[in-house]
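Right, one structure below, let's go through it.
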Amino acid sequence: MRILVNGIDLIRLLKEISLKTKIKSYIVGGVVRDFLLGVKNLDIDVVVEGDGIEFAYILLSYLKGDIVVYEAFRTATLSYHNFSIDIISARKEYYECPAALPTIEFSNIYDDMARRDFTINALAYDVMEGKILDYFNGLEDLKKGVIRVLHSKSFIDDPTRIFRAIRYATRYSFEIEEKTHNLMKESIENIRLLSADRIRNELLLVLKEDKAKEMIEKIISYGIDKVIFDEITLNTQNLDTVYTNIEVELYRFLVLFYYLKEKDINEIEKKLRINKIYFKALKDLFFLREQLNCQNKNIRKIRETIDKTKEEVLRAIEVMEGEKAEKIIKGKLTVRGKDIKNLGLPPSPLYGELLDKVFEAKINGIITTGEEEIEFLKRLIEKLKKGE
Ligand code: ATP
């Protein structure tokens with residue numbers, strides 16, 4: 001196995017540090033899986049049998065990146081160019097209550113692999129020995145394309161693994177092994193026990209994936225959406241569209257909840273504990289969607305919402321409503337109050353009315369560019385001055 005981080009041979013470096021410190025280190029998890037599958041992965045997990053923070057500081061002296069330490073787990077994350085390297089102190093986990101976070105105890109590589117979700121994620125590369133440690137037959141499952149839990153209580157201990165199983169199976173076009181599949185189905189109700197934060201994290205991880213649409217369809221086919229959202233309907237149409245320069249998970253989140261009812265906004269907030277940006281985006285989405293389909297449009301509020309809302313909201317409406325939305329969105333103005341001031345009109349409530357008129361002219365295709373907005377404004381102001 002060979003992993004180059006910005007041209008540096010990470011395995012050689014880890015081996016050197018392990019020899020020097022007598023702290024054994026292992027490359028683990030997703031990066032081993034993806035290396036074997038020939039997939040690029042910039043998130044590297046290293047498990048050490050000893051103090052992860054001490055080891056991370058030594059690694060930092062070679063790599064000169066940024067470091068963040070997590071005292072409680074004696075773990076650190078090193079950011080180096082595009083790479084993120086987690087240095088983890090090997091640990092054992094005990095689940096005292098289903099779906100709660102586990103109690104931990106520092107331990108060895110075997111125990112650290114035994115706490116993992118699936119066999120394909122429980123592979124460790126021993127840098128000293130130069131070989132893969134495969135305690136749970138992960139290599140064979142990887143070859144066969146199978147997602148398999150390590151033990152039958154896995155989904156009870158941690159129902160987030162249900163989302164993870166769907167994510168990996170879909171991402172790599174793998175099968176969820178039959179027993180795992182049955183265990184998963186039996187644990188769907190346990191998703192209720194997860195905190196809102198954990199559910200939201202899983203949902204956003206799904207929405208970031210290239211095959212998000214397929215994953216959400218599977219989530220629905222397992223009835224997971226009903227467990228989390230009760231009556232709120234999820235929309236899967238257009239979930240696979242991609243735009244650059246926007247936050248894909250926010251955009252897809254809005255597409256997912258496109259058909260929400262007003263009362264659902266607070267429900268979603270409660271069930272997922274979304275942040276203020278997501279909450280506001282949902283509200284704007286709801287407002288604009290309603291306005292598009294209503295005869296007496298509130299031009300002022302549409303203009304202000306389009307002006308201030310996140311780009312993701314506009315993209316979501318556009319993809320769902322097509323031309324009807326484009327017509328309104330293209331009305332987004334570049335002129336501001338200060339432009340009116342520069343044209344010699346003292347600040348007054350007239351500003352809002354003028355901007356509304358420019359906005360309407362833009363929606364109706366009378367003007368299109370920013371320069372035309374100014375020209376249009378000038379004409380409006382001249383008329384005003386003449387008292388027309
Ligand atoms: P991805 O490509 O999705 O990021 P990854 O394997 O790197 O895949 P992470 O979420 O970064 O995924 O987790 C790193 C490793 O930690 C996983 O490979 C897995 O071994 C372990 N892990 C993560 N979440 C869980 C969980 N809920 N239960 C058990 N093990 C987990």
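Quick note on naming: the chains in the structure tokens go A, B, ... in the order shown, residues restart at 1 in each chain, and ligands are numbered from 1 in order of appearance.
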task = Compute the set of protein, DNA and RNA residues whose minimum atom distance to ligand 1 is at most 6 Å, using only C-alpha atoms and all ligand atoms, and state it as a list of chain:residue names.
result =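 The residues within 6 Å of ligand 1, counting only C-alpha atoms and all ligand atoms, are A:Gly29, A:Gly30, A:Arg115, A:Arg116, A:Asp117, A:Asn121, A:Ala122, A:Thr160, A:Arg161.
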message = Which residues are close to Arg33 (chain A), i.e. within 8 Å by only C-alpha atoms, leaving aside same-chain residues fewer than 2 positions away? Reply as a list in words.
response = Gly29, Gly30, Val31, Phe35, Leu36, Leu37, Ile120, Asn121, Leu123 and Leu142 of chain A
Kindly save the residues from that selection, with N, CA, C and O atoms included, as a compact mmCIF listing (two decimals), in the first residue's frame.
```txt
# COMPACT_ATOMS: atom_id res chain seq x y z
N GLY A 29 -9.66 2.11 8.10
CA GLY A 29 -10.97 2.60 7.67
C GLY A 29 -11.07 2.90 6.18
O GLY A 29 -10.50 2.21 5.33
N GLY A 30 -11.78 3.98 5.89
CA GLY A 30 -12.15 4.33 4.52
C GLY A 30 -10.99 4.39 3.55
O GLY A 30 -11.12 4.00 2.38
N VAL A 31 -9.84 4.89 4.02
CA VAL A 31 -8.72 5.07 3.09
C VAL A 31 -8.15 3.73 2.63
O VAL A 31 -7.73 3.58 1.48
N PHE A 35 -8.39 2.66 -1.14
CA PHE A 35 -7.13 2.32 -1.83
C PHE A 35 -7.31 1.00 -2.58
O PHE A 35 -6.95 0.87 -3.75
N LEU A 36 -7.92 0.03 -1.91
CA LEU A 36 -8.10 -1.29 -2.54
C LEU A 36 -9.11 -1.22 -3.69
O LEU A 36 -9.03 -1.98 -4.65
N LEU A 37 -10.03 -0.29 -3.60
CA LEU A 37 -11.03 -0.15 -4.68
C LEU A 37 -10.52 0.78 -5.79
O LEU A 37 -11.19 0.96 -6.81
N ILE A 120 -15.87 -4.06 5.56
CA ILE A 120 -15.01 -3.38 4.59
C ILE A 120 -14.37 -2.11 5.18
O ILE A 120 -13.42 -1.58 4.61
N ASN A 121 -14.92 -1.65 6.32
CA ASN A 121 -14.33 -0.48 6.99
C ASN A 121 -13.46 -0.90 8.18
O ASN A 121 -12.97 -0.05 8.91
N LEU A 123 -10.65 -2.69 8.08
CA LEU A 123 -9.34 -3.14 7.61
C LEU A 123 -8.28 -2.17 8.13
O LEU A 123 -8.51 -0.96 8.14
N LEU A 142 -15.01 -7.05 0.37
CA LEU A 142 -14.68 -5.99 -0.58
C LEU A 142 -14.62 -6.56 -2.00
O LEU A 142 -15.11 -5.95 -2.95
```
ask   = Please, which residues of region 124-222 of chain A, numbered as in this document, come out helix (DSSP H, G or I) from DSSP, as a ChimeraX atom specification?
value = /A:138-144,154-157,160-171,178-193,196-208,212-221
Atomic distance CA of Leu239 (chain A) - CA of Lys226 (chain A), expressed in Å with one decimal =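 About the pair CA of Leu239 (chain A) and CA of Lys226 (chain A): they are 18.9 Å apart.
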Selection: 8 Å around Gly145 (chain A), only C-alpha atoms, excl. self and same-chain fewer than 3 positions, as a VMD selection string = chain A and resid 141 to 142 172 to 175
inquiry  = Please list as an NGL selection string every residue within 12 Å of Gly352 (chain A), counting only C-alpha atoms and excluding residues in the same chain fewer than 5 positions away.
reply    = :A and (299-301 or 303-304 or 335-338 or 340 or 347 or 357-359 or 377)
Would you save the residues of that selection, restricted to N, CA and C atoms, as an mmCIF file, in the first residue's frame?
```cif
data_model
loop_
_atom_site.group_PDB
_atom_site.id
_atom_site.type_symbol
_atom_site.label_atom_id
_atom_site.label_comp_id
_atom_site.auth_asym_id
_atom_site.auth_seq_id
_atom_site.Cartn_x
_atom_site.Cartn_y
_atom_site.Cartn_z
ATOM 1 N N ILE A 299 -44.987 41.691 -4.861
ATOM 2 C CA ILE A 299 -43.760 42.038 -5.595
ATOM 3 C C ILE A 299 -42.643 42.502 -4.664
ATOM 4 N N ARG A 300 -43.023 43.349 -3.699
ATOM 5 C CA ARG A 300 -42.008 43.889 -2.779
ATOM 6 C C ARG A 300 -41.281 42.743 -2.059
ATOM 7 N N LYS A 301 -42.073 41.860 -1.489
ATOM 8 C CA LYS A 301 -41.446 40.792 -0.689
ATOM 9 C C LYS A 301 -40.696 39.796 -1.573
ATOM 10 N N ARG A 303 -39.166 40.549 -4.344
ATOM 11 C CA ARG A 303 -37.900 41.215 -4.720
ATOM 12 C C ARG A 303 -36.899 41.131 -3.564
ATOM 13 N N GLU A 304 -37.382 41.450 -2.360
ATOM 14 C CA GLU A 304 -36.462 41.455 -1.211
ATOM 15 C C GLU A 304 -35.962 40.045 -0.896
ATOM 16 N N VAL A 335 -29.089 47.069 -9.093
ATOM 17 C CA VAL A 335 -29.171 48.435 -8.538
ATOM 18 C C VAL A 335 -29.559 48.399 -7.064
ATOM 19 N N ARG A 336 -29.083 49.393 -6.365
ATOM 20 C CA ARG A 336 -29.319 49.496 -4.922
ATOM 21 C C ARG A 336 -29.852 50.897 -4.606
ATOM 22 N N GLY A 337 -30.242 51.065 -3.364
ATOM 23 C CA GLY A 337 -30.700 52.382 -2.906
ATOM 24 C C GLY A 337 -29.655 53.456 -3.185
ATOM 25 N N LYS A 338 -28.391 53.116 -3.014
ATOM 26 C CA LYS A 338 -27.340 54.132 -3.192
ATOM 27 C C LYS A 338 -27.289 54.636 -4.646
ATOM 28 N N ILE A 340 -29.916 55.099 -6.457
ATOM 29 C CA ILE A 340 -30.999 56.092 -6.553
ATOM 30 C C ILE A 340 -30.508 57.418 -5.955
ATOM 31 N N PRO A 347 -33.160 60.078 0.169
ATOM 32 C CA PRO A 347 -33.779 58.851 0.687
ATOM 33 C C PRO A 347 -35.218 59.062 1.148
ATOM 34 N N LYS A 357 -40.521 48.780 -9.276
ATOM 35 C CA LYS A 357 -40.842 49.010 -10.698
ATOM 36 C C LYS A 357 -39.736 48.464 -11.597
ATOM 37 N N VAL A 358 -38.485 48.693 -11.180
ATOM 38 C CA VAL A 358 -37.362 48.169 -11.977
ATOM 39 C C VAL A 358 -37.442 46.634 -11.980
ATOM 40 N N PHE A 359 -37.756 46.092 -10.826
ATOM 41 C CA PHE A 359 -37.860 44.630 -10.693
ATOM 42 C C PHE A 359 -38.935 44.085 -11.637
ATOM 43 N N LEU A 377 -34.156 53.398 -14.197
ATOM 44 C CA LEU A 377 -34.303 54.199 -12.974
ATOM 45 C C LEU A 377 -34.281 55.689 -13.300
#
```
Contacts of region 70-87 of chain A within 6 Å, only C-alpha atoms, excl. fewer than 4 positions in-chain, as a PDB file with N, CA, C and O atoms, in the first residue's frame:
```pdb
ATOM      1  N   LEU A  42      -9.173  11.612   0.462  1.00  0.00           N
ATOM      2  CA  LEU A  42      -8.254  12.582   1.064  1.00  0.00           C
ATOM      3  C   LEU A  42      -8.364  12.614   2.593  1.00  0.00           C
ATOM      4  O   LEU A  42      -7.658  13.353   3.250  1.00  0.00           O
ATOM      5  N   ASP A  43      -9.311  11.802   3.122  1.00  0.00           N
ATOM      6  CA  ASP A  43      -9.471  11.733   4.583  1.00  0.00           C
ATOM      7  C   ASP A  43      -8.799  10.470   5.096  1.00  0.00           C
ATOM      8  O   ASP A  43      -9.286   9.361   4.853  1.00  0.00           O
ATOM      9  N   ILE A  44      -7.688  10.677   5.778  1.00  0.00           N
ATOM     10  CA  ILE A  44      -6.894   9.519   6.191  1.00  0.00           C
ATOM     11  C   ILE A  44      -7.022   9.321   7.698  1.00  0.00           C
ATOM     12  O   ILE A  44      -6.830  10.266   8.473  1.00  0.00           O
ATOM     13  N   ASP A  45      -7.376   8.095   8.100  1.00  0.00           N
ATOM     14  CA  ASP A  45      -7.463   7.784   9.531  1.00  0.00           C
ATOM     15  C   ASP A  45      -6.273   6.922   9.927  1.00  0.00           C
ATOM     16  O   ASP A  45      -6.001   5.900   9.292  1.00  0.00           O
ATOM     17  N   VAL A  46      -5.594   7.361  10.980  1.00  0.00           N
ATOM     18  CA  VAL A  46      -4.454   6.591  11.494  1.00  0.00           C
ATOM     19  C   VAL A  46      -4.783   6.230  12.938  1.00  0.00           C
ATOM     20  O   VAL A  46      -5.151   7.105  13.728  1.00  0.00           O
ATOM     21  N   VAL A  47      -4.684   4.945  13.268  1.00  0.00           N
ATOM     22  CA  VAL A  47      -4.886   4.527  14.654  1.00  0.00           C
ATOM     23  C   VAL A  47      -3.517   4.225  15.251  1.00  0.00           C
ATOM     24  O   VAL A  47      -2.673   3.600  14.607  1.00  0.00           O
ATOM     25  N   GLY A  52      -2.555   9.332  20.844  1.00  0.00           N
ATOM     26  CA  GLY A  52      -2.763   9.911  19.517  1.00  0.00           C
ATOM     27  C   GLY A  52      -2.282  11.349  19.427  1.00  0.00           C
ATOM     28  O   GLY A  52      -1.748  11.770  18.397  1.00  0.00           O
ATOM     29  N   ILE A  53      -2.458  12.119  20.502  1.00  0.00           N
ATOM     30  CA  ILE A  53      -2.071  13.537  20.456  1.00  0.00           C
ATOM     31  C   ILE A  53      -0.543  13.669  20.387  1.00  0.00           C
ATOM     32  O   ILE A  53      -0.002  14.420  19.575  1.00  0.00           O
ATOM     33  N   GLY A  65       1.410  21.123   8.996  1.00  0.00           N
ATOM     34  CA  GLY A  65       0.035  21.539   8.649  1.00  0.00           C
ATOM     35  C   GLY A  65      -0.590  22.243   9.838  1.00  0.00           C
ATOM     36  O   GLY A  65       0.108  22.817  10.667  1.00  0.00           O
ATOM     37  N   ASP A  66      -1.917  22.192   9.942  1.00  0.00           N
ATOM     38  CA  ASP A  66      -2.623  22.735  11.110  1.00  0.00           C
ATOM     39  C   ASP A  66      -3.121  21.567  11.933  1.00  0.00           C
ATOM     40  O   ASP A  66      -3.432  20.512  11.395  1.00  0.00           O
TER      41      ASP A  66
END
```
request  = With a distance cut-off of 10 Å and only C-alpha atoms, select the neighbouring residues of Ala281 (chain A), excluding the residue or stretch itself and same-chain residues fewer than 2 positions from it, and output the selection as a ChimeraX atom specification.
outcome  = /A:250-251,253-254,276-279,283-287,309-314
Go ahead and save the residues from that selection, with N, CA, C and O atoms, as a CSV table (one decimal), in the first residue's frame.
```csv
chain,number,residue,atom,x,y,z
A,250,LEU,N,-27.0,21.8,0.9
A,250,LEU,CA,-28.1,22.7,1.2
A,250,LEU,C,-29.1,22.7,0.0
A,250,LEU,O,-30.3,22.6,0.2
A,251,TYR,N,-28.6,22.8,-1.2
A,251,TYR,CA,-29.4,22.8,-2.4
A,251,TYR,C,-30.3,21.5,-2.4
A,251,TYR,O,-31.5,21.6,-2.6
A,253,PHE,N,-31.1,19.6,0.1
A,253,PHE,CA,-32.0,19.6,1.2
A,253,PHE,C,-33.3,20.3,0.9
A,253,PHE,O,-34.4,19.9,1.2
A,254,LEU,N,-33.1,21.5,0.2
A,254,LEU,CA,-34.3,22.3,-0.2
A,254,LEU,C,-35.1,21.5,-1.3
A,254,LEU,O,-36.3,21.6,-1.2
A,276,LYS,N,-29.5,28.2,11.5
A,276,LYS,CA,-30.3,29.4,11.1
A,276,LYS,C,-30.3,29.5,9.6
A,276,LYS,O,-31.3,29.9,9.0
A,277,ILE,N,-29.2,29.2,9.0
A,277,ILE,CA,-29.1,29.4,7.5
A,277,ILE,C,-30.1,28.4,6.8
A,277,ILE,O,-30.8,28.8,5.9
A,278,TYR,N,-30.1,27.2,7.3
A,278,TYR,CA,-31.0,26.2,6.7
A,278,TYR,C,-32.5,26.6,7.0
A,278,TYR,O,-33.4,26.4,6.1
A,279,PHE,N,-32.7,27.0,8.2
A,279,PHE,CA,-34.1,27.4,8.6
A,279,PHE,C,-34.6,28.5,7.7
A,279,PHE,O,-35.7,28.5,7.2
A,283,LYS,N,-37.7,28.7,4.9
A,283,LYS,CA,-38.7,29.7,4.9
A,283,LYS,C,-38.8,30.5,3.6
A,283,LYS,O,-39.9,30.7,3.0
A,284,ASP,N,-37.7,30.9,3.1
A,284,ASP,CA,-37.6,31.6,1.8
A,284,ASP,C,-38.2,30.7,0.7
A,284,ASP,O,-38.9,31.2,-0.2
A,285,LEU,N,-37.8,29.5,0.7
A,285,LEU,CA,-38.2,28.5,-0.3
A,285,LEU,C,-39.7,28.4,-0.3
A,285,LEU,O,-40.4,28.5,-1.4
A,286,PHE,N,-40.3,28.3,0.9
A,286,PHE,CA,-41.7,28.1,1.0
A,286,PHE,C,-42.4,29.4,0.5
A,286,PHE,O,-43.4,29.3,-0.3
A,287,PHE,N,-41.9,30.5,0.9
A,287,PHE,CA,-42.5,31.8,0.5
A,287,PHE,C,-42.5,31.9,-1.0
A,287,PHE,O,-43.5,32.2,-1.7
A,309,THR,N,-31.8,36.1,-0.3
A,309,THR,CA,-31.8,34.6,0.0
A,309,THR,C,-30.5,34.0,-0.6
A,309,THR,O,-29.8,34.5,-1.4
A,310,LYS,N,-30.3,32.7,-0.1
A,310,LYS,CA,-29.1,32.0,-0.6
A,310,LYS,C,-29.3,31.6,-2.0
A,310,LYS,O,-30.4,31.2,-2.4
A,311,GLU,N,-28.2,31.5,-2.7
A,311,GLU,CA,-28.3,31.0,-4.1
A,311,GLU,C,-28.9,29.7,-4.2
A,311,GLU,O,-29.6,29.4,-5.2
A,312,GLU,N,-28.7,28.8,-3.2
A,312,GLU,CA,-29.2,27.5,-3.3
A,312,GLU,C,-30.8,27.4,-3.3
A,312,GLU,O,-31.4,26.6,-3.9
A,313,VAL,N,-31.4,28.5,-2.7
A,313,VAL,CA,-32.9,28.5,-2.7
A,313,VAL,C,-33.3,28.8,-4.1
A,313,VAL,O,-34.2,28.1,-4.6
A,314,LEU,N,-32.6,29.7,-4.8
A,314,LEU,CA,-33.0,30.1,-6.2
A,314,LEU,C,-32.8,28.9,-7.1
A,314,LEU,O,-33.7,28.6,-7.9
```
Neighbour list for Glu269 (chain A) as a PyMOL selection string, cut-off 10 Å, only C-alpha atoms, skip fewer than 3 positions in-chain = chain A and resi 196+264-266+272-276+278-279+282
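The space between CA of Ile216 (chain A) and CA of Ile328 (chain A) spans 29.7 Å.
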